[in-house]
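One file, work06.cif, is given below (mmCIF, C-alpha atoms).
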data_target
loop_
_atom_site.label_atom_id
_atom_site.label_comp_id
_atom_site.auth_asym_id
_atom_site.auth_seq_id
_atom_site.Cartn_x
_atom_site.Cartn_y
_atom_site.Cartn_z
CA MET A 20 117.79 96.78 49.79
CA ASN A 21 120.38 95.97 52.43
CA LEU A 22 119.96 94.48 55.89
CA ALA A 23 119.42 97.85 57.59
CA ASP A 24 116.73 98.75 55.04
CA PHE A 25 115.00 95.44 55.69
CA PHE A 26 114.78 96.01 59.44
CA HIS A 27 113.46 99.51 58.74
CA GLU A 28 110.80 98.31 56.32
CA VAL A 29 109.32 95.30 58.12
CA PRO A 30 107.70 97.36 60.92
CA ALA A 31 106.05 99.51 58.24
CA LEU A 32 104.76 96.34 56.60
CA PHE A 33 103.47 95.20 59.97
CA HIS A 34 101.69 98.53 60.52
CA ARG A 35 99.95 98.33 57.16
CA PHE A 36 98.96 94.72 57.84
CA ALA A 37 97.63 95.55 61.31
CA MET A 38 95.55 98.41 59.92
CA SER A 39 93.72 95.89 57.74
CA LEU A 40 92.57 93.86 60.75
CA SER A 41 89.83 94.43 63.26
CA PRO A 42 91.02 95.66 66.70
CA LYS A 43 90.53 92.21 68.21
CA GLU A 44 92.77 90.66 65.58
CA VAL A 45 95.78 92.96 65.82
CA PRO A 46 98.84 90.98 66.96
CA PHE A 47 100.79 92.41 69.93
CA ALA A 48 98.25 95.13 70.66
CA GLY A 49 98.47 94.67 74.42
CA SER A 50 98.42 90.89 74.09
CA LEU A 51 100.56 88.28 72.40
CA VAL A 52 97.53 86.10 71.69
CA VAL A 53 96.96 86.45 67.96
CA GLY A 54 93.27 86.46 67.12
CA GLY A 55 93.68 87.10 63.41
CA ASP A 56 95.52 85.20 60.73
CA ALA A 57 99.10 86.48 60.50
CA THR A 58 99.71 84.60 57.26
CA GLY A 59 99.29 87.75 55.20
CA TYR A 60 102.05 89.59 57.03
CA LEU A 61 104.44 86.64 56.88
CA GLU A 62 103.79 86.35 53.16
CA GLN A 63 104.71 90.02 52.75
CA ILE A 64 107.95 89.43 54.64
CA ASP A 65 108.72 86.45 52.43
CA ALA A 66 108.07 88.55 49.33
CA LEU A 67 110.38 91.27 50.62
CA ILE A 68 113.12 88.72 51.25
CA ARG A 69 112.68 87.19 47.81
CA ASP A 70 112.33 90.39 45.81
CA PHE A 71 115.44 92.01 47.28
CA GLY A 72 117.61 88.90 47.48
CA LEU A 73 117.96 88.92 51.26
CA ALA A 74 117.81 85.16 51.83
CA GLU A 75 121.59 85.01 52.25
CA PHE A 76 121.44 87.07 55.47
CA VAL A 77 121.26 84.81 58.52
CA GLU A 78 119.72 87.71 60.48
CA VAL A 79 116.79 87.75 58.07
CA ALA A 80 116.22 84.01 58.37
CA PHE A 81 116.37 84.24 62.16
CA PHE A 82 113.99 87.21 62.24
CA ARG A 83 111.50 85.35 60.03
CA SER A 84 111.62 82.33 62.33
CA VAL A 85 111.19 84.26 65.59
CA ILE A 86 108.47 86.64 64.40
CA GLY A 87 106.63 83.79 62.70
CA GLY A 88 106.54 81.78 65.91
CA LEU A 89 105.41 84.76 67.95
CA MET A 90 102.60 85.61 65.59
CA ARG A 91 101.42 82.03 65.25
CA ASP A 92 101.68 80.94 68.88
CA GLY A 93 102.00 84.10 70.97
CA ARG A 94 105.00 82.66 72.78
CA LEU A 95 108.72 82.06 72.34
CA ASN A 96 110.79 78.95 72.99
CA LEU A 97 114.08 80.79 73.35
CA SER A 98 116.21 77.67 73.70
CA GLU A 99 114.83 76.36 70.44
CA LYS A 100 115.39 79.66 68.65
CA LEU A 101 118.93 80.03 69.96
CA GLY A 102 119.57 76.52 68.66
CA GLU A 103 118.40 77.69 65.25
CA ALA A 104 120.68 80.71 65.47
CA CYS A 105 123.61 78.46 66.28
CA ALA A 106 122.80 76.24 63.31
CA LEU A 107 122.75 79.36 61.11
CA GLY A 108 126.24 80.24 62.35
CA MET A 109 125.13 83.46 64.06
CA ASP A 110 127.23 85.14 66.73
CA ASN A 111 125.88 86.81 69.88
CA LYS A 112 125.93 90.28 68.33
CA GLN A 113 123.82 89.17 65.37
CA VAL A 114 121.31 87.46 67.65
CA ARG A 115 121.05 90.53 69.90
CA THR A 116 120.49 92.77 66.87
CA VAL A 117 117.50 90.75 65.71
CA LEU A 118 115.95 90.29 69.15
CA SER A 119 116.44 93.98 69.99
CA HIS A 120 114.63 94.92 66.80
CA ILE A 121 111.72 92.58 67.61
CA ASN A 122 111.55 93.96 71.15
CA GLU A 123 111.49 97.58 70.00
CA PHE A 124 108.99 97.33 67.15
CA TYR A 125 106.75 94.41 68.14
CA VAL A 126 106.94 93.18 71.71
CA LEU A 127 107.56 95.99 74.22
CA GLY A 128 104.25 97.60 73.37
CA ALA A 129 102.51 94.48 74.68
CA GLY A 130 104.10 94.86 78.12
CA VAL A 131 106.65 92.09 77.72
CA GLU A 132 110.12 91.72 76.24
CA ILE A 133 112.51 89.06 75.04
CA THR A 134 115.37 88.60 77.52
CA SER A 135 117.84 85.81 78.22
CA HIS A 136 114.96 84.09 80.04
CA GLY A 137 112.65 84.16 77.04
CA LEU A 138 109.48 86.17 76.53
CA VAL A 139 108.77 87.68 79.95
CA ARG A 140 107.10 90.54 81.76
CA SER A 141 110.31 92.19 82.84
CA PHE A 142 110.75 94.57 85.77
CA ARG A 143 110.39 97.62 83.53
CA PHE A 144 106.65 96.87 83.48
CA TRP A 145 106.24 96.27 87.23
CA SER A 146 104.65 98.84 89.51
CA ARG A 147 106.44 100.00 92.65
CA MET A 148 103.94 98.02 94.75
CA GLU A 149 104.64 94.85 92.79
CA LYS A 150 108.38 95.34 93.28
CA VAL A 151 107.95 95.89 97.03
CA GLU A 152 105.90 92.71 97.44
CA TYR A 153 108.42 90.68 95.47
CA LEU A 154 111.32 92.11 97.46
CA LYS A 155 109.49 91.07 100.62
CA ASN A 156 109.29 87.55 99.17
CA ALA A 157 113.05 87.60 98.59
CA ALA A 158 113.68 88.92 102.11
CA ALA A 159 111.62 86.04 103.53
CA VAL A 160 113.68 83.50 101.58
CA LEU A 161 116.90 85.14 102.77
CA GLU A 162 115.75 85.07 106.38
CA LEU A 163 114.91 81.38 106.18
CA LEU A 164 118.25 80.51 104.61
CA ARG A 165 120.24 82.61 107.08
CA ASP A 166 118.45 80.99 110.02
CA ARG A 167 119.22 77.52 108.69
CA TYR A 168 122.64 77.91 107.07
CA GLY A 169 124.06 81.08 108.61
CA ASN A 170 124.96 82.84 105.36
CA ALA A 171 122.74 84.09 102.55
CA CYS A 172 122.50 87.28 100.50
CA LEU A 173 121.32 88.66 97.20
CA ALA A 174 123.72 87.87 94.37
CA TYR A 175 124.47 88.46 90.69
CA GLY A 176 121.93 90.72 88.95
CA ALA A 177 119.99 91.34 92.15
CA THR A 178 123.05 92.82 93.86
CA LEU A 179 124.05 94.66 90.69
CA SER A 180 120.68 96.39 90.34
CA CYS A 181 120.52 97.37 94.02
CA VAL A 182 124.00 98.90 94.07
CA ARG A 183 124.13 100.39 90.57
CA SER A 184 120.65 101.84 90.19
CA ASP A 185 118.86 101.47 93.54
CA ASP A 186 116.11 99.72 91.61
CA LEU A 187 115.41 96.39 89.91
CA SER A 188 117.11 96.12 86.52
CA PRO A 189 114.45 96.88 83.89
CA HIS A 190 115.46 94.01 81.61
CA ASP A 191 115.44 91.38 84.38
CA ASP A 192 112.47 89.41 85.68
CA ASP A 193 113.64 87.57 88.81
CA LEU A 194 116.04 87.86 91.75
CA ASP A 195 119.11 85.80 92.60
CA VAL A 196 120.01 84.61 96.09
CA LEU A 197 123.30 83.06 97.21
CA VAL A 198 123.44 80.70 100.19
CA GLY A 199 126.91 80.14 101.68
CA LEU A 200 127.81 76.60 102.72
CA ASN A 201 130.83 74.98 104.36
CA MET A 202 132.51 72.35 102.20
CA GLU A 203 133.16 70.09 105.18
CA ARG A 204 129.43 69.36 105.24
CA TYR A 205 128.60 70.12 101.61
CA PRO A 206 131.57 69.02 99.48
CA THR A 207 129.78 69.63 96.16
CA PHE A 208 127.24 71.98 94.65
CA GLY A 209 124.94 69.00 94.16
CA ALA A 210 124.92 68.24 97.87
CA GLY A 211 124.00 71.84 98.58
CA VAL A 212 121.25 71.93 95.96
CA ALA A 213 119.68 68.77 97.40
CA ASP A 214 119.73 69.95 101.01
CA VAL A 215 118.62 73.52 100.34
CA GLY A 216 115.85 72.28 98.05
CA ASP A 217 114.52 69.86 100.67
CA PHE A 218 114.69 72.58 103.32
CA LEU A 219 112.72 75.11 101.28
CA VAL A 220 110.12 72.53 100.25
CA ALA A 221 109.62 71.73 103.94
CA HIS A 222 108.86 75.43 104.45
CA GLY A 223 106.19 75.66 101.79
CA TYR A 224 108.18 76.49 98.66
CA GLU A 225 107.97 74.63 95.39
CA VAL A 226 111.14 73.76 93.53
CA ILE A 227 110.42 74.85 89.97
CA GLY A 228 113.72 73.57 88.61
CA ARG A 229 117.08 72.14 89.68
CA TRP A 230 120.44 72.68 88.00
CA PRO A 231 123.95 71.52 88.98
CA ALA A 232 124.65 74.61 91.13
CA PHE A 233 121.32 76.35 91.76
CA LEU A 234 117.59 75.86 91.99
CA LYS A 235 114.51 77.95 91.22
CA VAL A 236 111.83 78.19 93.90
CA GLY A 237 108.50 79.89 94.28
CA LYS A 238 105.01 79.93 95.75
CA PRO A 239 101.64 80.35 94.03
CA ASP A 240 101.18 83.83 95.50
CA MET A 241 104.60 85.12 94.38
CA SER A 242 104.85 87.40 91.34
CA ALA A 243 108.02 85.65 90.18
CA ASP A 244 110.29 82.79 91.18
CA ILE A 245 113.63 83.22 92.95
CA ASP A 246 116.91 81.60 91.88
CA VAL A 247 118.86 80.18 94.84
CA PHE A 248 122.55 79.65 94.04
CA ILE A 249 124.93 77.52 96.09
CA GLY A 250 128.16 79.18 97.26
CA LEU A 251 130.86 76.96 98.77
CA ASN A 252 133.59 78.15 101.11
CA GLU A 253 136.63 76.72 99.37
CA GLY A 254 139.59 77.48 101.60
CA GLY A 255 138.44 81.02 102.28
CA MET A 256 137.39 81.69 98.69
CA LEU A 257 133.89 81.69 97.20
CA ALA A 258 133.11 78.93 94.72
CA ALA A 259 129.88 79.66 92.86
CA ILE A 260 128.57 79.13 89.36
CA PRO A 261 128.52 81.37 87.39
CA GLY A 262 131.56 83.20 88.65
CA PRO A 263 135.34 82.93 88.75
CA ARG A 264 136.96 80.29 90.92
CA SER A 265 139.56 81.22 93.55
CA ALA A 266 139.02 84.94 92.89
CA ILE A 267 136.39 86.16 95.38
CA ALA A 268 137.41 86.15 99.03
CA TRP A 269 134.75 84.62 101.28
CA GLU A 270 135.03 87.58 103.62
CA SER A 271 134.02 89.96 100.84
CA VAL A 272 130.67 88.14 100.66
CA PHE A 273 129.93 86.75 104.14
CA PRO A 274 128.85 87.71 106.74
CA SER A 275 126.49 89.78 104.62
CA SER A 276 125.79 93.49 104.79
CA GLU A 277 122.34 95.08 104.70
CA ARG A 278 120.76 97.58 102.35
CA ALA A 279 117.18 98.78 101.90
CA LEU A 280 115.50 98.86 98.51
CA PHE A 281 112.06 100.47 98.30
CA GLY A 282 111.98 100.29 102.08
CA VAL A 283 112.65 96.53 102.24
CA ALA A 284 115.74 95.46 104.19
CA LEU A 285 117.84 93.01 102.16
CA ALA A 286 121.07 91.11 102.75
CA LEU A 287 123.84 91.95 100.26
CA PRO A 288 127.45 90.73 100.02
CA ALA A 289 129.67 92.15 102.77
CA GLN A 290 131.58 94.23 100.20
CA PRO A 291 129.19 94.45 97.25
CA GLU A 292 131.43 96.62 95.07
CA ILE A 293 134.31 94.15 95.35
CA TYR A 294 131.96 91.24 94.68
CA LEU A 295 130.50 92.95 91.60
CA GLY A 296 133.96 93.80 90.28
CA HIS A 297 134.93 90.12 90.29
CA VAL A 298 131.65 88.87 88.83
CA TYR A 299 131.00 91.59 86.22
CA GLY A 300 134.43 93.12 85.69
CA PRO A 301 135.76 96.63 86.31
CA SER A 302 133.05 98.27 84.17
CA TRP A 303 130.16 96.91 86.24
CA ARG A 304 128.90 100.42 87.06
CA THR A 305 128.04 100.99 83.38
CA PRO A 306 125.32 98.83 81.76
CA GLN A 307 126.80 96.67 79.01
CA ALA A 308 124.36 95.77 76.25
CA GLY A 309 124.17 92.02 75.70
CA TRP A 310 126.46 91.16 78.63
CA GLN A 311 126.18 87.49 79.63
CA HIS A 312 127.60 85.29 82.38
CA GLN A 313 130.15 82.68 81.37
CA TRP A 314 128.70 79.43 82.63
CA ASN A 315 132.04 77.67 82.81
CA TYR A 316 131.12 74.42 84.52
CA SER A 317 134.41 72.80 83.53
CA GLN A 318 136.42 74.87 86.03
CA TYR A 319 134.21 73.49 88.81
CA ALA A 320 133.91 69.93 87.52
CA ASP A 321 135.55 68.39 90.62
CA ILE A 322 133.00 69.93 93.02
CA THR A 323 129.87 69.75 90.88
#

Write the structure described by the file as structure tokens, please.
Amino acid sequence: MNLADFFHEVPALFHRFAMSLSPKEVPFAGSLVVGGDATGYLEQIDALIRDFGLAEFVEVAFFRSVIGGLMRDGRLNLSEKLGEACALGMDNKQVRTVLSHINEFYVLGAGVEITSHGLVRSFRFWSRMEKVEYLKNAAAVLELLRDRYGNACLAYGATLSCVRSDDLSPHDDDLDVLVGLNMERYPTFGAGVADVGDFLVAHGYEVIGRWPAFLKVGKPDMSADIDVFIGLNEGGMLAAIPGPRSAIAWESVFPSSERALFGVALALPAQPEIYLGHVYGPSWRTPQAGWQHQWNYSQYADIT
């Protein structure tokens, strides 16, 4: 048995195992809470690995770790698992292969999927009404930020999905907002994060998390949080993480343009196609499996 055979066989093993359980005990049958004991299935996987000498494949070890955690706990600590993958010497393609297999045969049927954010209920499972309400939440954040700071628009994957598919990207689970700040008042990303965070808290939002160049905010009645990124006007060029430095003209982003998605008016970069070309490359119109931002903080070290 080779690696391809293994990934073909394990779902069949899972099916036979699930058939032996009562309906309330079947893992991933509409819920990731495992009522039954998954030990039997994991033992079958271990036997398959042992009998066919597959222990040398790092993909097999990673699969065993991820599926074992899901079936035991019903959740996924992605950072922890990616750390394990790194320790195994796996590259991004190998990791994506394993996670894609788990998504297809185990997780998607439960109405969730594994993305770069972990185990989430991605937009592919949202109704149109849910999307409209969330877009209204984003529009409210944008309006607040524009009133206070003058410049704000959707950014990154939010802009990409609006322009490329006129929908929310099925594999994503939140929206990104970019607020434009003048470096004379906000000389660093940190200064912007602090001020924008305080401003949004004063207007009823909770800061879920803070990072060097962006923050995550939300409210109890929101379906998902919103990432608010800081964009600095650096001599007429946009400085924002992630993204290239000294490549995106400020005027191609601000003042923003407007576009409606599902009937909700939203602020987008002034020239969204130009913006997307710089952020995602010339092939941005075509979905690229496994594409990831390069979080190159070192190029912005002096203003972080």

* Could you give me, as a list in words, the residues within 12 Å of Asp65 in chain A, counting only C-alpha atoms and dropping anything in the same chain fewer than 4 positions from it? => Phe25, Val29, Leu32, Thr58, Gly59, Tyr60, Leu61, Arg69, Asp70, Phe71, Gly72, Leu73, Ala74, Val79, Ala80, Phe82, Arg83, Ser84, Ile86 and Gly87 of chain A

* Asked: Which residue out of A:Val298, A:Val226, A:Ile293, A:Cys181 has the minimum interatomic distance to Glu277 in chain A when all atoms listed in the file are used?
  -> A:Cys181

Take the point (119.0, 94.0, 104.0) in the file's coordinates, draw a sphere of radius 10 Å around it, and report as a compact mmCIF listing (two decimals) with C-alpha atoms, in the frame of the given file every protein, DNA or RNA residue with an atom inside or on it, counting all atoms listed in the file.
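Writing done, so here's point_19.txt:
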# COMPACT_ATOMS: atom_id res chain seq x y z
CA ALA A 158 113.68 88.92 102.11
CA LEU A 161 116.90 85.14 102.77
CA GLU A 162 115.75 85.07 106.38
CA CYS A 172 122.50 87.28 100.50
CA LEU A 173 121.32 88.66 97.20
CA SER A 275 126.49 89.78 104.62
CA SER A 276 125.79 93.49 104.79
CA GLU A 277 122.34 95.08 104.70
CA ARG A 278 120.76 97.58 102.35
CA ALA A 279 117.18 98.78 101.90
CA LEU A 280 115.50 98.86 98.51
CA GLY A 282 111.98 100.29 102.08
CA VAL A 283 112.65 96.53 102.24
CA ALA A 284 115.74 95.46 104.19
CA LEU A 285 117.84 93.01 102.16
CA ALA A 286 121.07 91.11 102.75
CA LEU A 287 123.84 91.95 100.26
CA PRO A 288 127.45 90.73 100.02

* Given the file shown, determine the residues that the PyMOL selection byres ((chain A and resi 262-264) around 8) selects; report them as a PyMOL selection string. => chain A and resi 256-261+265-267+297-298+312-314+318-319

* Find the spatial neighbours of Arg304 in chain A, counting only C-alpha atoms, within a cut-off of 9 Å - ignore same-chain residues fewer than 2 positions away - and output them as a ChimeraX atom specification. => /A:179,182-184,295-296,301-302,306

Which residues of range 155-188 of chain A come within 12 Å of range 228-242 of chain A, and what is each one's closest atom pair and distance in Å (one decimal), counting all atoms listed in the file, sorted by chain and residue number, as CSV?
residue,atom,partner,partner_atom,distance
A:Lys155,CA,A:Met241,CA,9.9
A:Asn156,CA,A:Met241,CA,7.1
A:Ala157,CA,A:Met241,CA,9.8
A:Ala159,CA,A:Gly237,CA,11.5
A:Val160,CA,A:Val236,CA,9.5

For the selection you just gave me, I'd like the residues written to a file as a JSON list (two decimals), in the coordinates of the input, keeping C-alpha atoms.
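Listed below is the output, part_10.json:
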[["chain", "number", "residue", "atom", "x", "y", "z"],
["A", 155, "LYS", "CA", 109.49, 91.07, 100.62],
["A", 156, "ASN", "CA", 109.29, 87.55, 99.17],
["A", 157, "ALA", "CA", 113.05, 87.60, 98.59],
["A", 159, "ALA", "CA", 111.62, 86.04, 103.53],
["A", 160, "VAL", "CA", 113.68, 83.50, 101.58]]

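Taking CA of Ala31 in chain A and CA of Arg115 in chain A as endpoints, the distance between them is 21.0 Å.
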
* To do: Quote the spacing between CA of Met38 in chain A and CA of Leu127 in chain A in Å to one decimal place.
  => 18.8 Å

* To do: Using all atoms listed in the file, determine which residues lie at most 7 Å from range 135-140 of chain A, disregarding the query and same-chain residues fewer than 4 positions distant; provide the list as a PyMOL selection string.
  => chain A and resi 94-97+130-131+144+192

* To do: Enter the distance from CA of Gly211 in chain A to CA of Tyr224 in chain A, in Å, rounded to one decimal.
  => 16.5 Å

* Name the residues that the PyMOL selection byres ((chain A and resi 120) around 12) pulls out of this structure, and write them as a ChimeraX atom specification. => /A:23,25-30,78-79,81-82,85-86,113-119,121-127,132-133

* To do: Compile the contact shell of Phe142 in chain A as a ChimeraX atom specification: residues with an atom at most 7 Å away, counting all atoms listed in the file, same-chain residues fewer than 5 positions apart removed.
  => /A:187-192

* Distance criterion (all atoms listed in the file): nearest to Pro274 in chain A out of A:His34, A:Leu89, A:Asp186, A:Ala171 -> A:Ala171

Find the spatial neighbours of Arg204 in chain A, counting all atoms listed in the file, within a cut-off of 12 Å - ignore same-chain residues fewer than 4 positions away - and output them as an mmCIF file with C-alpha atoms, in the frame of the given file.
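Here's the written file selection-v7.cif:
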data_model
loop_
_atom_site.group_PDB
_atom_site.id
_atom_site.type_symbol
_atom_site.label_atom_id
_atom_site.label_comp_id
_atom_site.auth_asym_id
_atom_site.auth_seq_id
_atom_site.Cartn_x
_atom_site.Cartn_y
_atom_site.Cartn_z
ATOM 1 C CA TYR A 168 122.640 77.910 107.070
ATOM 2 C CA GLY A 199 126.910 80.140 101.680
ATOM 3 C CA LEU A 200 127.810 76.600 102.720
ATOM 4 C CA PHE A 208 127.240 71.980 94.650
ATOM 5 C CA GLY A 209 124.940 69.000 94.160
ATOM 6 C CA ALA A 210 124.920 68.240 97.870
ATOM 7 C CA GLY A 211 124.000 71.840 98.580
ATOM 8 C CA ASP A 214 119.730 69.950 101.010
ATOM 9 C CA LEU A 251 130.860 76.960 98.770
ATOM 10 C CA ASN A 252 133.590 78.150 101.110
ATOM 11 C CA GLU A 253 136.630 76.720 99.370
#

If the PyMOL selection byres ((chain A and resi 107) around 10) were run on this exact file, what residues would it hold? Put them as a PDB file with C-alpha atoms, keeping the file's coordinate frame.
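In the end it all went to expr32.pdb:
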ATOM      1  CA  PHE A  76     121.440  87.070  55.470  1.00  0.00           C
ATOM      2  CA  VAL A  77     121.260  84.810  58.520  1.00  0.00           C
ATOM      3  CA  GLU A  78     119.720  87.710  60.480  1.00  0.00           C
ATOM      4  CA  ALA A  80     116.220  84.010  58.370  1.00  0.00           C
ATOM      5  CA  PHE A  81     116.370  84.240  62.160  1.00  0.00           C
ATOM      6  CA  LEU A 101     118.930  80.030  69.960  1.00  0.00           C
ATOM      7  CA  GLY A 102     119.570  76.520  68.660  1.00  0.00           C
ATOM      8  CA  GLU A 103     118.400  77.690  65.250  1.00  0.00           C
ATOM      9  CA  ALA A 104     120.680  80.710  65.470  1.00  0.00           C
ATOM     10  CA  CYS A 105     123.610  78.460  66.280  1.00  0.00           C
ATOM     11  CA  ALA A 106     122.800  76.240  63.310  1.00  0.00           C
ATOM     12  CA  GLY A 108     126.240  80.240  62.350  1.00  0.00           C
ATOM     13  CA  MET A 109     125.130  83.460  64.060  1.00  0.00           C
ATOM     14  CA  ASP A 110     127.230  85.140  66.730  1.00  0.00           C
TER      15      ASP A 110
END

* Rank nothing, just name the residue among A:Ala57, A:Ala268, A:Val151, A:Leu194 nearest to Gly254 in chain A, using only C-alpha atoms. => A:Ala268
